[in-house]
Amino acid sequence: MTIELEESTAITAAQRLLTAQRTGVTCGPIRDLLSDPADIDSAYRVQRAVIADRIAAGARVVGAKIGLTARVVQEQFGVFQPDFGVLLDDMVYGHGEPIPRERLLQPRAEGEIAFVLGRDLDRPNASVADVLRATDFVQPAIEVVDSRITGWDLSITDTVADNASSGVVVLGAAAYSLRDRDLSRIGMVLERDGEPVSFGAGHACLGSPVTAVAWLARELVRREQPLRAGAVVMSGALGPMVPIAGAGRFRLRLDGLGSVEAVIEQKEDL
């Protein structure tokens, strides 16, 4: 009876988020629907219900994303632990590919490094060495995070349920090897229409983006959702998020890892 009740609650919460996305009208916090507002496992149950609905509608899982890795981002939300979400194929854009503003509710941009795996990462105690061996290449990437919850009024369970506050991701057009490269020392600048608006570095992401991916690998194995070869992994923010008010161009520059540009189109008048 308890399992059925929990499942019913998860579906109700998931439908709240899905309706907000479909209608473009943000909703109240998900924590209000949970019997324990701080229960992260229940929040991940809601996330799985959201993803199951998206898959049933034709979406395909292509990877995962880590959220809340940088201390400065944690402080922006008052949430002080990392979480993860699922990447679906219709969330992924290429360098310079226009992103319709209509699909985003309350977007913010952040600079990241994306990992593309050449091997499975399915060990329960995956280490940094395992991540280095499993990574085929990395790419500069911009994540446009978003929230279905009004005013970004978030606790950890809200952001987890909302697929780690996911929006879309933009991947660079070039691939870079990790050989002889220390990602903890990578510098970052994010520009909006040519003006620098966010600065950061690899060590801001749980010490290194490689460390962040190792954390994710262990967490997903624990939840019986291991990362497989071919997966794209967004490793987490390297610096502060930047609000997206309207149309614009965001360019991320990474030391030694090139650049990538996200193009947000003007919102169409209804």
# chains A, B, ... in the order shown; residues from 1 in each chain; ligands from 1

call {"tool": "select_by_dssp", "arguments": {"residues": "region 7-247 of chain A", "states": "alpha helix (DSSP H)", "output": "PDB file with C-alpha atoms, in the first residue's frame"}}
result
ATOM      1  CA  GLU A   7       4.146   5.835  -6.819  1.00  0.00           C
ATOM      2  CA  SER A   8       0.914   7.825  -7.011  1.00  0.00           C
ATOM      3  CA  THR A   9       2.610  10.811  -5.369  1.00  0.00           C
ATOM      4  CA  ALA A  10       5.546  10.575  -7.782  1.00  0.00           C
ATOM      5  CA  ILE A  11       3.221  10.575 -10.786  1.00  0.00           C
ATOM      6  CA  THR A  12       1.247  13.544  -9.416  1.00  0.00           C
ATOM      7  CA  ALA A  13       4.444  15.510  -8.832  1.00  0.00           C
ATOM      8  CA  ALA A  14       5.813  14.567 -12.246  1.00  0.00           C
ATOM      9  CA  GLN A  15       2.621  15.730 -13.944  1.00  0.00           C
ATOM     10  CA  ARG A  16       2.918  19.092 -12.183  1.00  0.00           C
ATOM     11  CA  LEU A  17       6.360  19.566 -13.728  1.00  0.00           C
ATOM     12  CA  LEU A  18       5.374  18.225 -17.141  1.00  0.00           C
ATOM     13  CA  THR A  19       2.326  20.504 -17.266  1.00  0.00           C
ATOM     14  CA  ALA A  20       4.500  23.517 -16.413  1.00  0.00           C
ATOM     15  CA  GLN A  21       6.861  22.652 -19.248  1.00  0.00           C
ATOM     16  CA  ARG A  22       4.056  22.051 -21.731  1.00  0.00           C
ATOM     17  CA  THR A  23       2.081  25.200 -20.906  1.00  0.00           C
ATOM     18  CA  ILE A  40      15.974  12.783  -1.881  1.00  0.00           C
ATOM     19  CA  ASP A  41      15.069   9.224  -2.856  1.00  0.00           C
ATOM     20  CA  SER A  42      11.430  10.287  -3.275  1.00  0.00           C
ATOM     21  CA  ALA A  43      12.601  13.222  -5.405  1.00  0.00           C
ATOM     22  CA  TYR A  44      14.539  10.879  -7.683  1.00  0.00           C
ATOM     23  CA  ARG A  45      11.392   8.749  -7.954  1.00  0.00           C
ATOM     24  CA  VAL A  46       9.606  11.847  -9.284  1.00  0.00           C
ATOM     25  CA  GLN A  47      12.484  12.475 -11.700  1.00  0.00           C
ATOM     26  CA  ARG A  48      12.204   8.922 -13.032  1.00  0.00           C
ATOM     27  CA  ALA A  49       8.468   9.443 -13.600  1.00  0.00           C
ATOM     28  CA  VAL A  50       9.192  12.639 -15.553  1.00  0.00           C
ATOM     29  CA  ILE A  51      11.778  10.873 -17.718  1.00  0.00           C
ATOM     30  CA  ALA A  52       9.505   7.852 -18.257  1.00  0.00           C
ATOM     31  CA  ASP A  53       6.818  10.191 -19.598  1.00  0.00           C
ATOM     32  CA  ARG A  54       9.315  11.862 -21.930  1.00  0.00           C
ATOM     33  CA  ILE A  55      10.568   8.504 -23.209  1.00  0.00           C
ATOM     34  CA  ALA A  56       7.004   7.326 -23.803  1.00  0.00           C
ATOM     35  CA  ARG A  71      30.276  26.275  -4.485  1.00  0.00           C
ATOM     36  CA  VAL A  72      29.221  29.594  -6.020  1.00  0.00           C
ATOM     37  CA  VAL A  73      26.187  27.909  -7.648  1.00  0.00           C
ATOM     38  CA  GLN A  74      25.324  26.108  -4.405  1.00  0.00           C
ATOM     39  CA  GLU A  75      25.344  29.483  -2.667  1.00  0.00           C
ATOM     40  CA  GLN A  76      23.103  30.945  -5.379  1.00  0.00           C
ATOM     41  CA  PHE A  77      20.437  28.374  -4.426  1.00  0.00           C
ATOM     42  CA  VAL A 128      39.222   9.138 -11.150  1.00  0.00           C
ATOM     43  CA  ALA A 129      41.480   6.657 -12.963  1.00  0.00           C
ATOM     44  CA  ASP A 130      38.400   4.748 -14.164  1.00  0.00           C
ATOM     45  CA  VAL A 131      36.913   7.986 -15.518  1.00  0.00           C
ATOM     46  CA  LEU A 132      40.133   8.862 -17.352  1.00  0.00           C
ATOM     47  CA  ARG A 133      40.280   5.384 -18.930  1.00  0.00           C
ATOM     48  CA  ALA A 134      36.595   5.436 -19.893  1.00  0.00           C
ATOM     49  CA  ILE A 156      17.434  19.880  -2.994  1.00  0.00           C
ATOM     50  CA  THR A 157      14.329  17.729  -3.524  1.00  0.00           C
ATOM     51  CA  ASP A 158      12.787  20.290  -5.889  1.00  0.00           C
ATOM     52  CA  THR A 159      15.796  20.458  -8.174  1.00  0.00           C
ATOM     53  CA  VAL A 160      16.271  16.675  -8.118  1.00  0.00           C
ATOM     54  CA  ALA A 161      12.619  16.058  -9.028  1.00  0.00           C
ATOM     55  CA  PRO A 209      35.384  17.807 -13.463  1.00  0.00           C
ATOM     56  CA  VAL A 210      36.966  14.333 -13.481  1.00  0.00           C
ATOM     57  CA  THR A 211      36.204  13.988  -9.761  1.00  0.00           C
ATOM     58  CA  ALA A 212      32.625  15.087 -10.431  1.00  0.00           C
ATOM     59  CA  VAL A 213      32.154  12.396 -13.090  1.00  0.00           C
ATOM     60  CA  ALA A 214      33.570   9.760 -10.731  1.00  0.00           C
ATOM     61  CA  TRP A 215      31.002  10.834  -8.125  1.00  0.00           C
ATOM     62  CA  LEU A 216      28.234  10.539 -10.706  1.00  0.00           C
ATOM     63  CA  ALA A 217      29.403   7.098 -11.843  1.00  0.00           C
ATOM     64  CA  ARG A 218      29.291   5.749  -8.289  1.00  0.00           C
ATOM     65  CA  GLU A 219      25.916   7.333  -7.599  1.00  0.00           C
ATOM     66  CA  LEU A 220      24.355   5.911 -10.777  1.00  0.00           C
ATOM     67  CA  VAL A 221      25.699   2.417 -10.123  1.00  0.00           C
ATOM     68  CA  ARG A 222      24.200   2.609  -6.618  1.00  0.00           C
TER      69      ARG A 222
END

call {"tool": "residues_around", "arguments": {"residues": "Ser235 (chain A)", "least_positions_apart": "4", "cutoff": "12 Å", "atoms": "only C-alpha atoms", "output": "PDB file with N, CA and C atoms, in the first residue's frame"}}
result
ATOM      1  N   GLY A  63      22.561  10.447 -22.081  1.00  0.00           N
ATOM      2  CA  GLY A  63      23.606  10.680 -21.098  1.00  0.00           C
ATOM      3  C   GLY A  63      23.040  11.193 -19.791  1.00  0.00           C
ATOM      4  N   ALA A  64      23.879  11.945 -19.073  1.00  0.00           N
ATOM      5  CA  ALA A  64      23.496  12.443 -17.756  1.00  0.00           C
ATOM      6  C   ALA A  64      24.152  13.797 -17.506  1.00  0.00           C
ATOM      7  N   LYS A  65      23.645  14.506 -16.512  1.00  0.00           N
ATOM      8  CA  LYS A  65      24.209  15.797 -16.129  1.00  0.00           C
ATOM      9  C   LYS A  65      24.347  15.860 -14.617  1.00  0.00           C
ATOM     10  N   ILE A  66      25.401  16.529 -14.182  1.00  0.00           N
ATOM     11  CA  ILE A  66      25.623  16.740 -12.758  1.00  0.00           C
ATOM     12  C   ILE A  66      25.261  18.185 -12.444  1.00  0.00           C
ATOM     13  N   GLY A  67      24.555  18.388 -11.366  1.00  0.00           N
ATOM     14  CA  GLY A  67      24.196  19.730 -10.954  1.00  0.00           C
ATOM     15  C   GLY A  67      24.781  20.088  -9.606  1.00  0.00           C
ATOM     16  N   LEU A  68      24.865  21.387  -9.341  1.00  0.00           N
ATOM     17  CA  LEU A  68      25.282  21.890  -8.034  1.00  0.00           C
ATOM     18  C   LEU A  68      26.672  21.419  -7.630  1.00  0.00           C
ATOM     19  N   THR A  69      27.610  21.520  -8.553  1.00  0.00           N
ATOM     20  CA  THR A  69      28.984  21.122  -8.259  1.00  0.00           C
ATOM     21  C   THR A  69      29.831  22.291  -7.766  1.00  0.00           C
ATOM     22  N   ALA A  70      29.574  23.491  -8.279  1.00  0.00           N
ATOM     23  CA  ALA A  70      30.383  24.653  -7.912  1.00  0.00           C
ATOM     24  C   ALA A  70      29.819  25.303  -6.652  1.00  0.00           C
ATOM     25  N   PRO A  82      25.740  18.022  -4.495  1.00  0.00           N
ATOM     26  CA  PRO A  82      25.481  17.794  -5.921  1.00  0.00           C
ATOM     27  C   PRO A  82      24.282  16.886  -6.146  1.00  0.00           C
ATOM     28  N   ASP A  83      23.734  16.946  -7.349  1.00  0.00           N
ATOM     29  CA  ASP A  83      22.681  16.035  -7.755  1.00  0.00           C
ATOM     30  C   ASP A  83      22.903  15.679  -9.213  1.00  0.00           C
ATOM     31  N   PHE A  84      22.002  14.895  -9.782  1.00  0.00           N
ATOM     32  CA  PHE A  84      22.160  14.531 -11.193  1.00  0.00           C
ATOM     33  C   PHE A  84      20.807  14.472 -11.874  1.00  0.00           C
ATOM     34  N   GLY A  85      20.859  14.585 -13.190  1.00  0.00           N
ATOM     35  CA  GLY A  85      19.679  14.457 -14.019  1.00  0.00           C
ATOM     36  C   GLY A  85      19.998  13.656 -15.267  1.00  0.00           C
ATOM     37  N   LEU A  87      20.065  13.303 -19.479  1.00  0.00           N
ATOM     38  CA  LEU A  87      20.103  14.015 -20.750  1.00  0.00           C
ATOM     39  C   LEU A  87      19.292  13.237 -21.779  1.00  0.00           C
ATOM     40  N   GLU A 110      25.478  28.433 -17.950  1.00  0.00           N
ATOM     41  CA  GLU A 110      26.697  28.158 -17.205  1.00  0.00           C
ATOM     42  C   GLU A 110      27.681  27.399 -18.079  1.00  0.00           C
ATOM     43  N   GLY A 111      28.978  27.628 -17.841  1.00  0.00           N
ATOM     44  CA  GLY A 111      30.026  26.969 -18.607  1.00  0.00           C
ATOM     45  C   GLY A 111      30.445  25.652 -17.984  1.00  0.00           C
ATOM     46  N   GLU A 112      30.623  24.643 -18.834  1.00  0.00           N
ATOM     47  CA  GLU A 112      30.960  23.302 -18.351  1.00  0.00           C
ATOM     48  C   GLU A 112      31.916  22.601 -19.314  1.00  0.00           C
ATOM     49  N   ILE A 113      32.314  21.397 -18.918  1.00  0.00           N
ATOM     50  CA  ILE A 113      33.060  20.492 -19.788  1.00  0.00           C
ATOM     51  C   ILE A 113      32.228  19.229 -19.923  1.00  0.00           C
ATOM     52  N   ALA A 114      31.963  18.817 -21.153  1.00  0.00           N
ATOM     53  CA  ALA A 114      31.212  17.589 -21.415  1.00  0.00           C
ATOM     54  C   ALA A 114      32.184  16.434 -21.663  1.00  0.00           C
ATOM     55  N   PHE A 115      31.890  15.289 -21.071  1.00  0.00           N
ATOM     56  CA  PHE A 115      32.663  14.063 -21.272  1.00  0.00           C
ATOM     57  C   PHE A 115      31.853  13.136 -22.182  1.00  0.00           C
ATOM     58  N   VAL A 116      32.511  12.521 -23.153  1.00  0.00           N
ATOM     59  CA  VAL A 116      31.878  11.499 -23.982  1.00  0.00           C
ATOM     60  C   VAL A 116      32.613  10.193 -23.716  1.00  0.00           C
ATOM     61  N   VAL A 131      37.503   6.958 -14.658  1.00  0.00           N
ATOM     62  CA  VAL A 131      36.913   7.986 -15.518  1.00  0.00           C
ATOM     63  C   VAL A 131      37.869   8.347 -16.647  1.00  0.00           C
ATOM     64  N   VAL A 138      36.620  14.975 -24.510  1.00  0.00           N
ATOM     65  CA  VAL A 138      35.830  16.010 -23.834  1.00  0.00           C
ATOM     66  C   VAL A 138      35.562  17.144 -24.809  1.00  0.00           C
ATOM     67  N   GLN A 139      34.546  17.955 -24.494  1.00  0.00           N
ATOM     68  CA  GLN A 139      34.157  19.086 -25.335  1.00  0.00           C
ATOM     69  C   GLN A 139      33.795  20.278 -24.463  1.00  0.00           C
ATOM     70  N   PRO A 140      34.048  21.499 -24.946  1.00  0.00           N
ATOM     71  CA  PRO A 140      33.487  22.656 -24.249  1.00  0.00           C
ATOM     72  C   PRO A 140      31.972  22.612 -24.391  1.00  0.00           C
ATOM     73  N   ALA A 141      31.271  23.021 -23.350  1.00  0.00           N
ATOM     74  CA  ALA A 141      29.808  22.910 -23.386  1.00  0.00           C
ATOM     75  C   ALA A 141      29.172  24.009 -22.546  1.00  0.00           C
ATOM     76  N   ILE A 142      28.031  24.465 -23.003  1.00  0.00           N
ATOM     77  CA  ILE A 142      27.203  25.401 -22.241  1.00  0.00           C
ATOM     78  C   ILE A 142      25.934  24.669 -21.842  1.00  0.00           C
ATOM     79  N   GLU A 143      25.625  24.711 -20.562  1.00  0.00           N
ATOM     80  CA  GLU A 143      24.328  24.203 -20.133  1.00  0.00           C
ATOM     81  C   GLU A 143      23.413  25.388 -19.881  1.00  0.00           C
ATOM     82  N   VAL A 169      21.464  21.653 -23.469  1.00  0.00           N
ATOM     83  CA  VAL A 169      22.925  21.742 -23.452  1.00  0.00           C
ATOM     84  C   VAL A 169      23.408  21.998 -24.875  1.00  0.00           C
ATOM     85  N   LEU A 183      42.288  18.926 -15.887  1.00  0.00           N
ATOM     86  CA  LEU A 183      41.087  19.744 -15.996  1.00  0.00           C
ATOM     87  C   LEU A 183      40.863  20.635 -14.774  1.00  0.00           C
ATOM     88  N   GLY A 202      38.364  24.901 -13.466  1.00  0.00           N
ATOM     89  CA  GLY A 202      38.051  23.492 -13.273  1.00  0.00           C
ATOM     90  C   GLY A 202      37.998  23.058 -11.827  1.00  0.00           C
ATOM     91  N   HIS A 203      38.845  23.646 -10.983  1.00  0.00           N
ATOM     92  CA  HIS A 203      38.871  23.218  -9.582  1.00  0.00           C
ATOM     93  C   HIS A 203      37.601  23.600  -8.835  1.00  0.00           C
ATOM     94  N   ALA A 204      36.793  24.513  -9.409  1.00  0.00           N
ATOM     95  CA  ALA A 204      35.528  24.891  -8.768  1.00  0.00           C
ATOM     96  C   ALA A 204      34.488  23.785  -8.855  1.00  0.00           C
ATOM     97  N   CYS A 205      34.700  22.819  -9.732  1.00  0.00           N
ATOM     98  CA  CYS A 205      33.755  21.720  -9.962  1.00  0.00           C
ATOM     99  C   CYS A 205      34.184  20.506  -9.136  1.00  0.00           C
ATOM    100  N   LEU A 206      33.850  20.508  -7.859  1.00  0.00           N
ATOM    101  CA  LEU A 206      34.200  19.435  -6.924  1.00  0.00           C
ATOM    102  C   LEU A 206      35.697  19.126  -6.920  1.00  0.00           C
ATOM    103  N   GLY A 207      36.518  20.130  -7.186  1.00  0.00           N
ATOM    104  CA  GLY A 207      37.963  19.940  -7.233  1.00  0.00           C
ATOM    105  C   GLY A 207      38.473  19.704  -8.631  1.00  0.00           C
ATOM    106  N   SER A 208      37.701  18.996  -9.445  1.00  0.00           N
ATOM    107  CA  SER A 208      38.000  18.740 -10.857  1.00  0.00           C
ATOM    108  C   SER A 208      36.770  18.136 -11.506  1.00  0.00           C
ATOM    109  N   PRO A 209      36.498  18.469 -12.772  1.00  0.00           N
ATOM    110  CA  PRO A 209      35.384  17.807 -13.463  1.00  0.00           C
ATOM    111  C   PRO A 209      35.531  16.287 -13.493  1.00  0.00           C
ATOM    112  N   VAL A 210      36.762  15.783 -13.495  1.00  0.00           N
ATOM    113  CA  VAL A 210      36.966  14.333 -13.481  1.00  0.00           C
ATOM    114  C   VAL A 210      36.449  13.747 -12.166  1.00  0.00           C
ATOM    115  N   THR A 211      36.705  14.424 -11.067  1.00  0.00           N
ATOM    116  CA  THR A 211      36.204  13.988  -9.761  1.00  0.00           C
ATOM    117  C   THR A 211      34.683  13.984  -9.749  1.00  0.00           C
ATOM    118  N   ALA A 212      34.082  15.001 -10.379  1.00  0.00           N
ATOM    119  CA  ALA A 212      32.625  15.087 -10.431  1.00  0.00           C
ATOM    120  C   ALA A 212      32.040  13.896 -11.198  1.00  0.00           C
ATOM    121  N   VAL A 213      32.664  13.528 -12.307  1.00  0.00           N
ATOM    122  CA  VAL A 213      32.154  12.396 -13.090  1.00  0.00           C
ATOM    123  C   VAL A 213      32.320  11.087 -12.316  1.00  0.00           C
ATOM    124  N   ALA A 214      33.399  10.951 -11.560  1.00  0.00           N
ATOM    125  CA  ALA A 214      33.570   9.760 -10.731  1.00  0.00           C
ATOM    126  C   ALA A 214      32.465   9.667  -9.684  1.00  0.00           C
ATOM    127  N   TRP A 215      32.130  10.815  -9.079  1.00  0.00           N
ATOM    128  CA  TRP A 215      31.002  10.834  -8.125  1.00  0.00           C
ATOM    129  C   TRP A 215      29.722  10.379  -8.800  1.00  0.00           C
ATOM    130  N   LEU A 216      29.454  10.902  -9.981  1.00  0.00           N
ATOM    131  CA  LEU A 216      28.234  10.539 -10.706  1.00  0.00           C
ATOM    132  C   LEU A 216      28.216   9.050 -11.024  1.00  0.00           C
ATOM    133  N   ALA A 217      29.345   8.520 -11.491  1.00  0.00           N
ATOM    134  CA  ALA A 217      29.403   7.098 -11.843  1.00  0.00           C
ATOM    135  C   ALA A 217      29.050   6.228 -10.647  1.00  0.00           C
TER     136      ALA A 217
END

call {"tool": "residues_around", "arguments": {"residues": "Gly246 (chain A)", "least_positions_apart": "2", "cutoff": "9 Å", "atoms": "only C-alpha atoms", "output": "JSON, numbers by chain"}}
result
{"A": [101, 244, 248, 264, 265, 266, 267]}

call {"tool": "write_last_selection", "arguments": {"atoms": "C-alpha atoms", "output": "PDB file, in the first residue's frame"}}
result
ATOM      1  CA  ARG A 101      13.384  30.819 -26.465  1.00  0.00           C
ATOM      2  CA  ILE A 244      19.040  34.732 -19.790  1.00  0.00           C
ATOM      3  CA  GLY A 248      21.405  36.606 -27.171  1.00  0.00           C
ATOM      4  CA  ILE A 264      19.099  31.977 -27.916  1.00  0.00           C
ATOM      5  CA  GLU A 265      16.480  33.066 -30.430  1.00  0.00           C
ATOM      6  CA  GLN A 266      14.007  35.866 -29.879  1.00  0.00           C
ATOM      7  CA  LYS A 267      10.764  34.667 -28.326  1.00  0.00           C
TER       8      LYS A 267
END

call {"tool": "closest_residue", "arguments": {"among": "A:Leu104, A:Val25, A:Leu190, A:Ile149", "to": "Val168 (chain A)", "atoms": "only C-alpha atoms"}}
result
A:Leu104

call {"tool": "residues_around", "arguments": {"residues": "Ala201 (chain A)", "least_positions_apart": "6", "cutoff": "9 Å", "atoms": "only C-alpha atoms", "output": "list in words"}}
result
Leu183, Ser184, Arg185, Ile186, Gly187, Met188, Val189, Ser208, Leu238, Gly239 and Leu254 of chain A

call {"tool": "atom_distance", "arguments": {"atom1": "CA of Pro107 (chain A)", "atom2": "CA of Val242 (chain A)"}}
result
8.6 Å
